[in-house]
>>> print(open('data_38.txt').read())   # compact mmCIF, C-alpha atoms
# COMPACT_ATOMS: atom_id res chain seq x y z
CA MET A 1 0.00 0.00 0.00
CA LYS A 2 1.39 3.36 -0.92
CA ASN A 3 0.94 6.31 1.39
CA PRO A 4 -1.71 8.88 0.42
CA THR A 5 -0.87 12.35 -0.93
CA THR A 6 -3.09 15.22 0.20
CA VAL A 7 -3.37 18.73 -1.21
CA GLU A 8 -5.20 21.66 0.35
CA ARG A 9 -5.48 25.31 -0.56
CA THR A 10 -4.84 26.55 2.95
CA SER A 11 -5.20 30.25 2.26
CA GLU A 12 -5.83 32.61 -0.62
CA ARG A 13 -2.26 32.31 -1.83
CA GLU A 14 -1.02 29.02 -0.46
CA LEU A 15 -1.15 25.31 -1.37
CA VAL A 16 0.02 22.55 0.95
CA VAL A 17 0.95 19.01 -0.13
CA THR A 18 1.59 16.29 2.46
CA ARG A 19 2.90 12.72 2.21
CA THR A 20 4.61 10.22 4.51
CA PHE A 21 7.60 8.12 3.43
CA ASP A 22 8.69 4.86 5.04
CA ALA A 23 12.27 5.99 5.49
CA PRO A 24 14.30 8.26 7.76
CA ALA A 25 14.52 11.97 6.89
CA HIS A 26 18.16 11.89 5.74
CA ILE A 27 17.23 9.44 2.98
CA VAL A 28 14.25 11.47 1.73
CA PHE A 29 16.38 14.60 1.91
CA ALA A 30 19.09 12.94 -0.19
CA ALA A 31 16.51 12.05 -2.86
CA TRP A 32 15.48 15.74 -2.99
CA THR A 33 18.94 17.20 -3.17
CA ARG A 34 21.19 14.87 -5.16
CA PRO A 35 20.62 15.60 -8.86
CA GLU A 36 21.22 11.99 -9.96
CA LEU A 37 18.41 10.89 -7.59
CA LEU A 38 16.13 13.89 -8.14
CA LYS A 39 15.98 13.24 -11.85
CA ARG A 40 14.69 9.72 -11.28
CA TRP A 41 11.41 10.83 -9.72
CA TRP A 42 10.72 14.52 -10.50
CA VAL A 43 9.20 13.52 -13.83
CA PRO A 44 7.49 10.16 -13.37
CA PRO A 45 8.40 7.87 -16.31
CA SER A 46 4.73 7.32 -17.21
CA PHE A 47 4.37 10.99 -18.23
CA GLY A 48 6.17 10.67 -21.53
CA PHE A 49 8.52 13.51 -20.63
CA THR A 50 12.26 13.04 -20.84
CA LEU A 51 14.62 14.88 -18.58
CA VAL A 52 17.22 16.46 -20.86
CA SER A 53 19.30 17.85 -18.03
CA CYS A 54 19.04 18.22 -14.29
CA GLU A 55 21.40 20.57 -12.49
CA ALA A 56 20.87 21.20 -8.82
CA ASP A 57 23.31 22.84 -6.44
CA ALA A 58 21.24 22.22 -3.32
CA ARG A 59 22.93 24.60 -0.93
CA THR A 60 21.62 27.87 0.50
CA GLY A 61 22.23 30.36 -2.32
CA GLY A 62 22.63 27.62 -4.95
CA THR A 63 20.60 27.34 -8.15
CA TYR A 64 18.76 24.60 -10.03
CA ARG A 65 17.72 24.10 -13.61
CA PHE A 66 15.71 21.16 -14.98
CA VAL A 67 15.12 20.82 -18.71
CA PHE A 68 12.46 18.46 -20.09
CA SER A 69 11.45 17.42 -23.55
CA HIS A 70 8.33 15.71 -24.86
CA PRO A 71 7.71 14.28 -28.35
CA ASP A 72 4.77 16.71 -28.78
CA LEU A 73 6.75 19.81 -27.80
CA GLU A 74 8.89 21.61 -30.34
CA GLN A 75 11.13 23.15 -27.71
CA PRO A 76 12.31 21.67 -24.43
CA VAL A 77 10.88 23.29 -21.28
CA ALA A 78 13.12 24.69 -18.55
CA PHE A 79 12.32 25.03 -14.86
CA PHE A 80 14.74 27.05 -12.78
CA GLY A 81 15.25 29.07 -9.64
CA ASN A 82 17.33 29.56 -6.51
CA TYR A 83 17.66 27.69 -3.27
CA LEU A 84 16.86 30.25 -0.58
CA GLU A 85 17.55 27.83 2.26
CA VAL A 86 18.85 24.30 2.50
CA THR A 87 19.03 22.82 5.99
CA PRO A 88 20.28 19.23 5.85
CA ASN A 89 17.62 16.59 6.53
CA SER A 90 14.95 19.09 7.55
CA ARG A 91 14.10 21.93 5.17
CA ILE A 92 14.53 23.20 1.59
CA VAL A 93 13.19 26.53 0.31
CA TRP A 94 13.40 27.49 -3.37
CA THR A 95 12.01 29.94 -5.90
CA ASN A 96 10.27 29.04 -9.18
CA GLU A 97 11.40 31.60 -11.72
CA GLU A 98 10.39 30.21 -15.10
CA GLY A 99 7.14 32.19 -15.02
CA GLU A 100 5.97 35.51 -13.61
CA ASP A 101 4.49 35.42 -10.12
CA GLY A 102 5.81 31.92 -9.43
CA PRO A 103 5.49 30.56 -5.89
CA VAL A 104 8.17 30.14 -3.26
CA SER A 105 8.24 26.44 -2.37
CA THR A 106 9.17 25.10 1.06
CA VAL A 107 9.53 21.43 1.82
CA THR A 108 10.05 20.17 5.38
CA PHE A 109 10.90 16.65 6.56
CA GLU A 110 9.81 15.52 10.01
CA GLU A 111 11.09 12.15 11.13
CA ARG A 112 9.16 10.02 13.59
CA ASP A 113 9.68 6.31 14.32
CA GLY A 114 11.83 5.88 11.23
CA LYS A 115 9.19 7.43 8.95
CA THR A 116 9.25 10.88 7.42
CA ARG A 117 6.31 13.21 7.06
CA LEU A 118 6.85 15.58 4.17
CA VAL A 119 5.03 18.93 3.99
CA LEU A 120 5.41 20.98 0.82
CA THR A 121 4.07 24.54 0.82
CA GLU A 122 3.77 26.67 -2.29
CA LEU A 123 3.27 30.30 -1.37
CA TYR A 124 2.24 32.60 -4.23
CA PRO A 125 2.99 36.34 -4.16
CA SER A 126 -0.75 37.15 -4.21
CA LYS A 127 -4.22 35.64 -4.33
CA GLU A 128 -4.38 36.70 -8.00
CA ALA A 129 -1.19 34.81 -8.82
CA LEU A 130 -2.58 31.54 -7.43
CA ASP A 131 -6.01 32.16 -9.00
CA ASP A 132 -4.28 32.78 -12.33
CA ALA A 133 -2.22 29.61 -12.01
CA ILE A 134 -5.44 27.69 -11.42
CA ALA A 135 -7.33 29.48 -14.21
CA SER A 136 -4.53 28.92 -16.71
CA GLY A 137 -4.42 25.22 -15.90
CA SER A 138 -0.74 25.23 -15.06
CA SER A 139 0.15 22.83 -12.30
CA GLY A 140 1.36 25.28 -9.74
CA THR A 141 4.93 25.15 -10.89
CA GLY A 142 4.71 28.33 -12.91
CA ALA A 143 5.04 26.66 -16.31
CA ALA A 144 3.34 27.92 -19.44
CA PRO A 145 -0.25 26.69 -19.72
CA GLU A 146 0.18 24.87 -23.02
CA GLN A 147 2.97 22.76 -21.60
CA PHE A 148 0.89 21.76 -18.67
CA GLU A 149 -2.19 21.07 -20.74
CA LEU A 150 -0.15 18.23 -22.08
CA LEU A 151 0.74 17.13 -18.61
CA ASP A 152 -2.92 17.43 -17.64
CA GLU A 153 -3.90 15.10 -20.46
CA VAL A 154 -1.43 12.55 -19.26
CA LEU A 155 -2.70 12.89 -15.72
CA VAL A 156 -6.30 12.43 -16.80
CA ALA A 157 -5.28 9.33 -18.72
CA LEU A 158 -3.46 8.04 -15.65
CA ALA A 159 -6.45 8.72 -13.44
CA GLY A 160 -8.74 6.78 -15.77
CA ARG A 161 -6.50 3.74 -15.74
CA MET B 1 -6.92 24.45 6.22
CA VAL B 2 -10.03 23.78 8.26
CA GLN B 3 -10.05 27.42 9.28
CA PHE B 4 -9.98 28.54 5.68
CA ARG B 5 -12.93 26.32 4.76
CA ARG B 6 -14.72 27.49 7.86
CA ALA B 7 -14.09 31.12 6.96
CA ARG B 8 -15.41 30.52 3.46
CA LEU B 9 -18.51 28.81 4.83
CA ASP B 10 -19.10 31.66 7.28
CA ALA B 11 -18.74 34.14 4.43
CA SER B 12 -21.27 32.15 2.38
CA PHE B 13 -23.83 32.14 5.19
CA ALA B 14 -23.31 35.84 5.85
CA ALA B 15 -23.79 36.53 2.13
CA LEU B 16 -27.00 34.50 2.06
CA SER B 17 -28.47 36.12 5.17
CA ASP B 18 -29.58 39.13 3.14
CA ALA B 19 -32.81 39.00 1.07
CA THR B 20 -31.46 41.27 -1.66
CA ARG B 21 -28.37 39.12 -2.09
CA ARG B 22 -30.49 35.98 -2.29
CA GLY B 23 -32.52 37.78 -4.96
CA ILE B 24 -29.34 38.64 -6.88
CA LEU B 25 -28.26 34.98 -6.85
CA GLU B 26 -31.68 33.93 -8.08
CA ARG B 27 -31.50 36.54 -10.85
CA LEU B 28 -27.99 35.40 -11.88
CA GLY B 29 -29.28 31.83 -11.98
CA HIS B 30 -31.27 32.89 -15.04
CA GLY B 31 -28.27 34.45 -16.75
CA ASP B 32 -25.34 36.84 -16.35
CA ALA B 33 -26.02 40.50 -15.65
CA SER B 34 -24.07 43.73 -15.33
CA ILE B 35 -23.93 45.68 -12.07
CA THR B 36 -25.97 48.41 -13.78
CA ASP B 37 -28.70 45.92 -14.78
CA LEU B 38 -28.84 44.54 -11.26
CA ALA B 39 -28.96 48.00 -9.68
CA LYS B 40 -31.91 48.96 -11.90
CA GLN B 41 -33.74 45.72 -11.28
CA PHE B 42 -33.37 45.94 -7.51
CA ARG B 43 -33.94 49.73 -7.51
CA MET B 44 -30.65 50.49 -5.86
CA THR B 45 -27.76 52.86 -6.40
CA LEU B 46 -24.73 51.51 -8.27
CA THR B 47 -22.64 51.87 -5.11
CA GLY B 48 -25.16 49.88 -3.07
CA MET B 49 -25.25 47.09 -5.66
CA LYS B 50 -21.46 47.02 -5.90
CA LYS B 51 -21.31 46.41 -2.14
CA HIS B 52 -23.73 43.49 -2.34
CA VAL B 53 -21.88 41.97 -5.27
CA ARG B 54 -18.57 42.30 -3.44
CA VAL B 55 -19.97 40.36 -0.46
CA LEU B 56 -21.20 37.61 -2.79
CA GLU B 57 -17.87 37.60 -4.61
CA GLN B 58 -15.88 37.26 -1.40
CA ALA B 59 -18.05 34.30 -0.42
CA GLY B 60 -17.19 32.65 -3.75
CA LEU B 61 -20.86 32.69 -4.76
CA VAL B 62 -20.45 35.15 -7.63
CA THR B 63 -17.60 36.00 -9.98
CA THR B 64 -17.33 39.26 -11.87
CA GLU B 65 -15.44 40.23 -14.98
CA LYS B 66 -14.85 43.73 -16.26
CA VAL B 67 -14.94 44.14 -20.02
CA GLY B 68 -14.51 47.75 -21.10
CA ARG B 69 -16.67 49.78 -18.72
CA VAL B 70 -19.14 47.01 -17.95
CA ARG B 71 -18.69 44.63 -15.01
CA THR B 72 -20.57 41.39 -15.65
CA CYS B 73 -21.64 39.15 -12.77
CA ARG B 74 -22.24 35.42 -12.90
CA LEU B 75 -22.78 32.61 -10.44
CA GLY B 76 -19.47 31.47 -8.98
CA TRP B 77 -20.08 27.76 -8.53
CA ARG B 78 -18.46 26.80 -11.78
CA ARG B 79 -15.26 28.49 -10.76
CA LEU B 80 -15.19 26.63 -7.48
CA ASP B 81 -15.58 23.34 -9.37
CA GLU B 82 -12.70 24.30 -11.63
CA GLU B 83 -10.56 24.99 -8.60
CA ALA B 84 -11.42 21.61 -7.09
CA ALA B 85 -10.61 19.87 -10.40
CA TRP B 86 -7.30 21.71 -10.69
CA ILE B 87 -6.33 20.83 -7.14
CA GLU B 88 -7.11 17.17 -7.88
CA ARG B 89 -4.89 17.20 -10.98
CA TYR B 90 -2.16 18.91 -9.01
CA ARG B 91 -2.51 16.23 -6.31
CA GLN B 92 -2.23 13.49 -8.95
CA LEU B 93 0.98 15.06 -10.25
CA TRP B 94 2.56 14.98 -6.79
CA ASP B 95 1.16 11.54 -6.07
CA ALA B 96 2.82 10.16 -9.22
CA ARG B 97 6.07 11.90 -8.33
CA PHE B 98 5.99 10.52 -4.81
CA GLU B 99 5.35 7.00 -6.08
CA ALA B 100 8.55 7.27 -8.10
CA LEU B 101 10.27 8.84 -5.08
CA ASP B 102 9.22 5.81 -2.97
CA LYS B 103 11.27 3.61 -5.29
CA VAL B 104 14.35 5.82 -4.97
CA VAL B 105 13.93 5.95 -1.20
CA ASP B 106 13.57 2.16 -0.91
CA GLU B 107 16.69 1.68 -2.93
CA LEU B 108 18.66 4.10 -0.77
CA LYS B 109 17.42 2.35 2.35
CA ARG B 110 18.55 -1.05 1.06
CA GLN B 111 21.89 0.42 0.02
CA GLU B 112 22.41 1.98 3.44
CA ARG B 113 21.66 -1.33 5.18
CA ALA B 114 24.06 -3.17 2.88
CA ASP B 115 26.75 -0.52 3.44
CA GLY B 116 26.15 -0.74 7.18
CA ARG B 117 26.74 -4.50 7.16
CA ARG B 118 29.75 -4.20 4.91
CA GLY B 119 30.95 -1.27 7.00
CA LYS B 120 31.00 -3.41 10.13
CA ARG B 121 33.05 -6.09 8.42
CA THR B 122 35.51 -3.79 6.69
CA GLN B 123 35.74 -1.06 9.33
CA PRO B 124 39.32 -0.81 10.46
CA GLY B 125 39.60 -2.30 13.92
CA LYS B 126 40.98 -0.41 16.87
CA GLY B 127 44.40 -1.81 16.25
CA ALA B 128 44.38 -1.11 12.53
CA PRO B 129 47.53 0.53 11.22
CA ARG B 130 47.17 4.18 10.26
>>> encode(input="data_38.txt", output="structure tokens")
Amino acid sequence: MKNPTTVERTSERELVVTRTFDAPAHIVFAAWTRPELLKRWWVPPSFGFTLVSCEADARTGGTYRFVFSHPDLEQPVAFFGNYLEVTPNSRIVWTNEEGEDGPVSTVTFEERDGKTRLVLTELYPSKEALDDAIASGSSGTGAAPEQFELLDEVLVALAGR
Amino acid sequence: MVQFRRARLDASFAALSDATRRGILERLGHGDASITDLAKQFRMTLTGMKKHVRVLEQAGLVTTEKVGRVRTCRLGWRRLDEEAAWIERYRQLWDARFEALDKVVDELKRQERADGRRGKRTQPGKGAPR
């Protein structure tokens, strides 16, 4: 049985995702910060996207840049930003700068009895920015709508499986 | 998160406690209308109608859109449904990611255990030469 993922819009400009992992925090943290591990799960294989490159310097003040391609897209898509804070095994804060008004994302890892509860918060600069992200159909990562429409299609197909 | 829902619910009840606002919702159920139309129909000033519409808007019951100089009002339910659908898609994205992350995490766990066992065997003993 896999652990459930929950998402709530907790305020006018904030989304919160939670999930528990059956592993200690240092392991989950490693999977979030080591590029060679990050690239194995950030784009699930079933999505049809290919990760062209994945650079992540997960240190406070470091930067990241992920580039994806998809057979239906003429140009690869880039996601990038800065790490505002990286505290080993407990907290990562980063910006999403590929679009205007992107959120600041914070992920925290709380270990208890060998399991880790992950809480991911995406805080948008304004209510309008989050409303716009929702209205445009982008998946909260600040990407262009047309790119995420594709992703949405894949997700719908997955859901109907 | 519960507080936010609660606040929204409270706002909805407050919005519905007024007879004029219930009338506006009923009117918008038949079709979209501008603030000016609504003000005329309910024999109110524009300012008064704007206030009512703002209360309904804040409760998520009505959405408004300004095109040129006309602000059109419509029932807000559809928008709320869209938000719920979007949040579900967003949840599915993370859920799929986390399923892949589970695999990476399991592998790391196994590796760490194996390293631990190997570590004990190969760790230089206290008397090991330096």
>>> interface_residues(input="data_38.txt", of="chain A", to="chain B", cutoff="6 Å", atoms="all atoms listed in the file", output="list in words")
Thr5, Val7, Thr10, Trp41, Trp42, Pro44 and Ser139 of chain A
>>> closest_residue(input="data_38.txt", among="B:Glu26, B:Ile35, B:Gly116, B:Val67", to="His52 (chain B)", atoms="only C-alpha atoms")
B:Ile35
>>> atom_distance(input="data_38.txt", atom1="CA of Arg34 (chain A)", atom2="CA of Ala58 (chain A)")
7.6 Å
>>> residues_around(input="data_38.txt", residues="Val53 (chain B)", least_positions_apart="6", cutoff="9 Å", atoms="only C-alpha atoms", output="compact mmCIF listing (two decimals) with C-alpha atoms, in the frame of the given file")
# COMPACT_ATOMS: atom_id res chain seq x y z
CA ARG B 21 -28.37 39.12 -2.09
CA ILE B 24 -29.34 38.64 -6.88
CA ILE B 35 -23.93 45.68 -12.07
CA VAL B 62 -20.45 35.15 -7.63
CA THR B 63 -17.60 36.00 -9.98
CA THR B 64 -17.33 39.26 -11.87
CA CYS B 73 -21.64 39.15 -12.77
>>> atom_distance(input="data_38.txt", atom1="CA of Thr20 (chain B)", atom2="CA of Arg69 (chain B)")
24.1 Å
>>> atom_distance(input="data_38.txt", atom1="CA of Arg117 (chain A)", atom2="CA of Glu14 (chain A)")
19.0 Å
>>> residues_around(input="data_38.txt", residues="region 100-103 of chain A", least_positions_apart="3", cutoff="10 Å", atoms="all atoms listed in the file", output="PyMOL selection string")
chain A and resi 13-15+81+94-97+106+121-126+128-130+132-133+140-144
>>> residues_around(input="data_38.txt", residues="Ser53 (chain A)", least_positions_apart="5", cutoff="8 Å", atoms="all atoms listed in the file", output="PyMOL selection string")
chain A and resi 65-68
>>> closest_residue(input="data_38.txt", among="B:Arg74, B:Lys40, B:Arg118, B:Arg110", to="Leu25 (chain B)", atoms="only C-alpha atoms")
B:Arg74
>>> residues_around(input="data_38.txt", residues="His70 (chain A)", least_positions_apart="2", cutoff="8 Å", atoms="only C-alpha atoms", output="count of residues only")
7
>>> closest_residue(input="data_38.txt", among="B:Val70, B:Gly48, B:Phe42, B:Arg117", to="Arg22 (chain B)", atoms="all atoms listed in the file")
B:Phe42
>>> residues_near_point(input="data_38.txt", point="(-25.6, 32.5, -17.0)", cutoff="9 Å", atoms="all atoms listed in the file", output="VMD selection string")
chain B and resid 28 to 33 73 to 75
>>> decode(input="data_38.txt", residues="region 80-91 of chain B", atoms="N, CA and C atoms", output="mmCIF file, in the first residue's frame")
data_model
loop_
_atom_site.group_PDB
_atom_site.id
_atom_site.type_symbol
_atom_site.label_atom_id
_atom_site.label_comp_id
_atom_site.auth_asym_id
_atom_site.auth_seq_id
_atom_site.Cartn_x
_atom_site.Cartn_y
_atom_site.Cartn_z
ATOM 1 N N LEU B 80 -15.602 27.433 -8.633
ATOM 2 C CA LEU B 80 -15.192 26.626 -7.483
ATOM 3 C C LEU B 80 -14.936 25.192 -7.928
ATOM 4 N N ASP B 81 -15.775 24.698 -8.844
ATOM 5 C CA ASP B 81 -15.582 23.344 -9.366
ATOM 6 C C ASP B 81 -14.248 23.252 -10.094
ATOM 7 N N GLU B 82 -13.963 24.291 -10.878
ATOM 8 C CA GLU B 82 -12.703 24.303 -11.628
ATOM 9 C C GLU B 82 -11.526 24.231 -10.675
ATOM 10 N N GLU B 83 -11.650 24.981 -9.574
ATOM 11 C CA GLU B 83 -10.557 24.988 -8.601
ATOM 12 C C GLU B 83 -10.383 23.592 -8.010
ATOM 13 N N ALA B 84 -11.490 22.950 -7.669
ATOM 14 C CA ALA B 84 -11.418 21.608 -7.094
ATOM 15 C C ALA B 84 -10.784 20.627 -8.090
ATOM 16 N N ALA B 85 -11.153 20.758 -9.364
ATOM 17 C CA ALA B 85 -10.610 19.868 -10.398
ATOM 18 C C ALA B 85 -9.118 20.109 -10.564
ATOM 19 N N TRP B 86 -8.724 21.375 -10.539
ATOM 20 C CA TRP B 86 -7.303 21.715 -10.694
ATOM 21 C C TRP B 86 -6.495 21.149 -9.528
ATOM 22 N N ILE B 87 -7.038 21.320 -8.330
ATOM 23 C CA ILE B 87 -6.327 20.829 -7.144
ATOM 24 C C ILE B 87 -6.183 19.311 -7.218
ATOM 25 N N GLU B 88 -7.195 18.627 -7.743
ATOM 26 C CA GLU B 88 -7.107 17.170 -7.877
ATOM 27 C C GLU B 88 -6.016 16.778 -8.888
ATOM 28 N N ARG B 89 -5.937 17.511 -9.992
ATOM 29 C CA ARG B 89 -4.888 17.205 -10.978
ATOM 30 C C ARG B 89 -3.506 17.453 -10.398
ATOM 31 N N TYR B 90 -3.422 18.538 -9.647
ATOM 32 C CA TYR B 90 -2.161 18.905 -9.006
ATOM 33 C C TYR B 90 -1.764 17.822 -7.993
ATOM 34 N N ARG B 91 -2.760 17.301 -7.269
ATOM 35 C CA ARG B 91 -2.512 16.227 -6.309
ATOM 36 C C ARG B 91 -2.013 14.971 -7.029
#
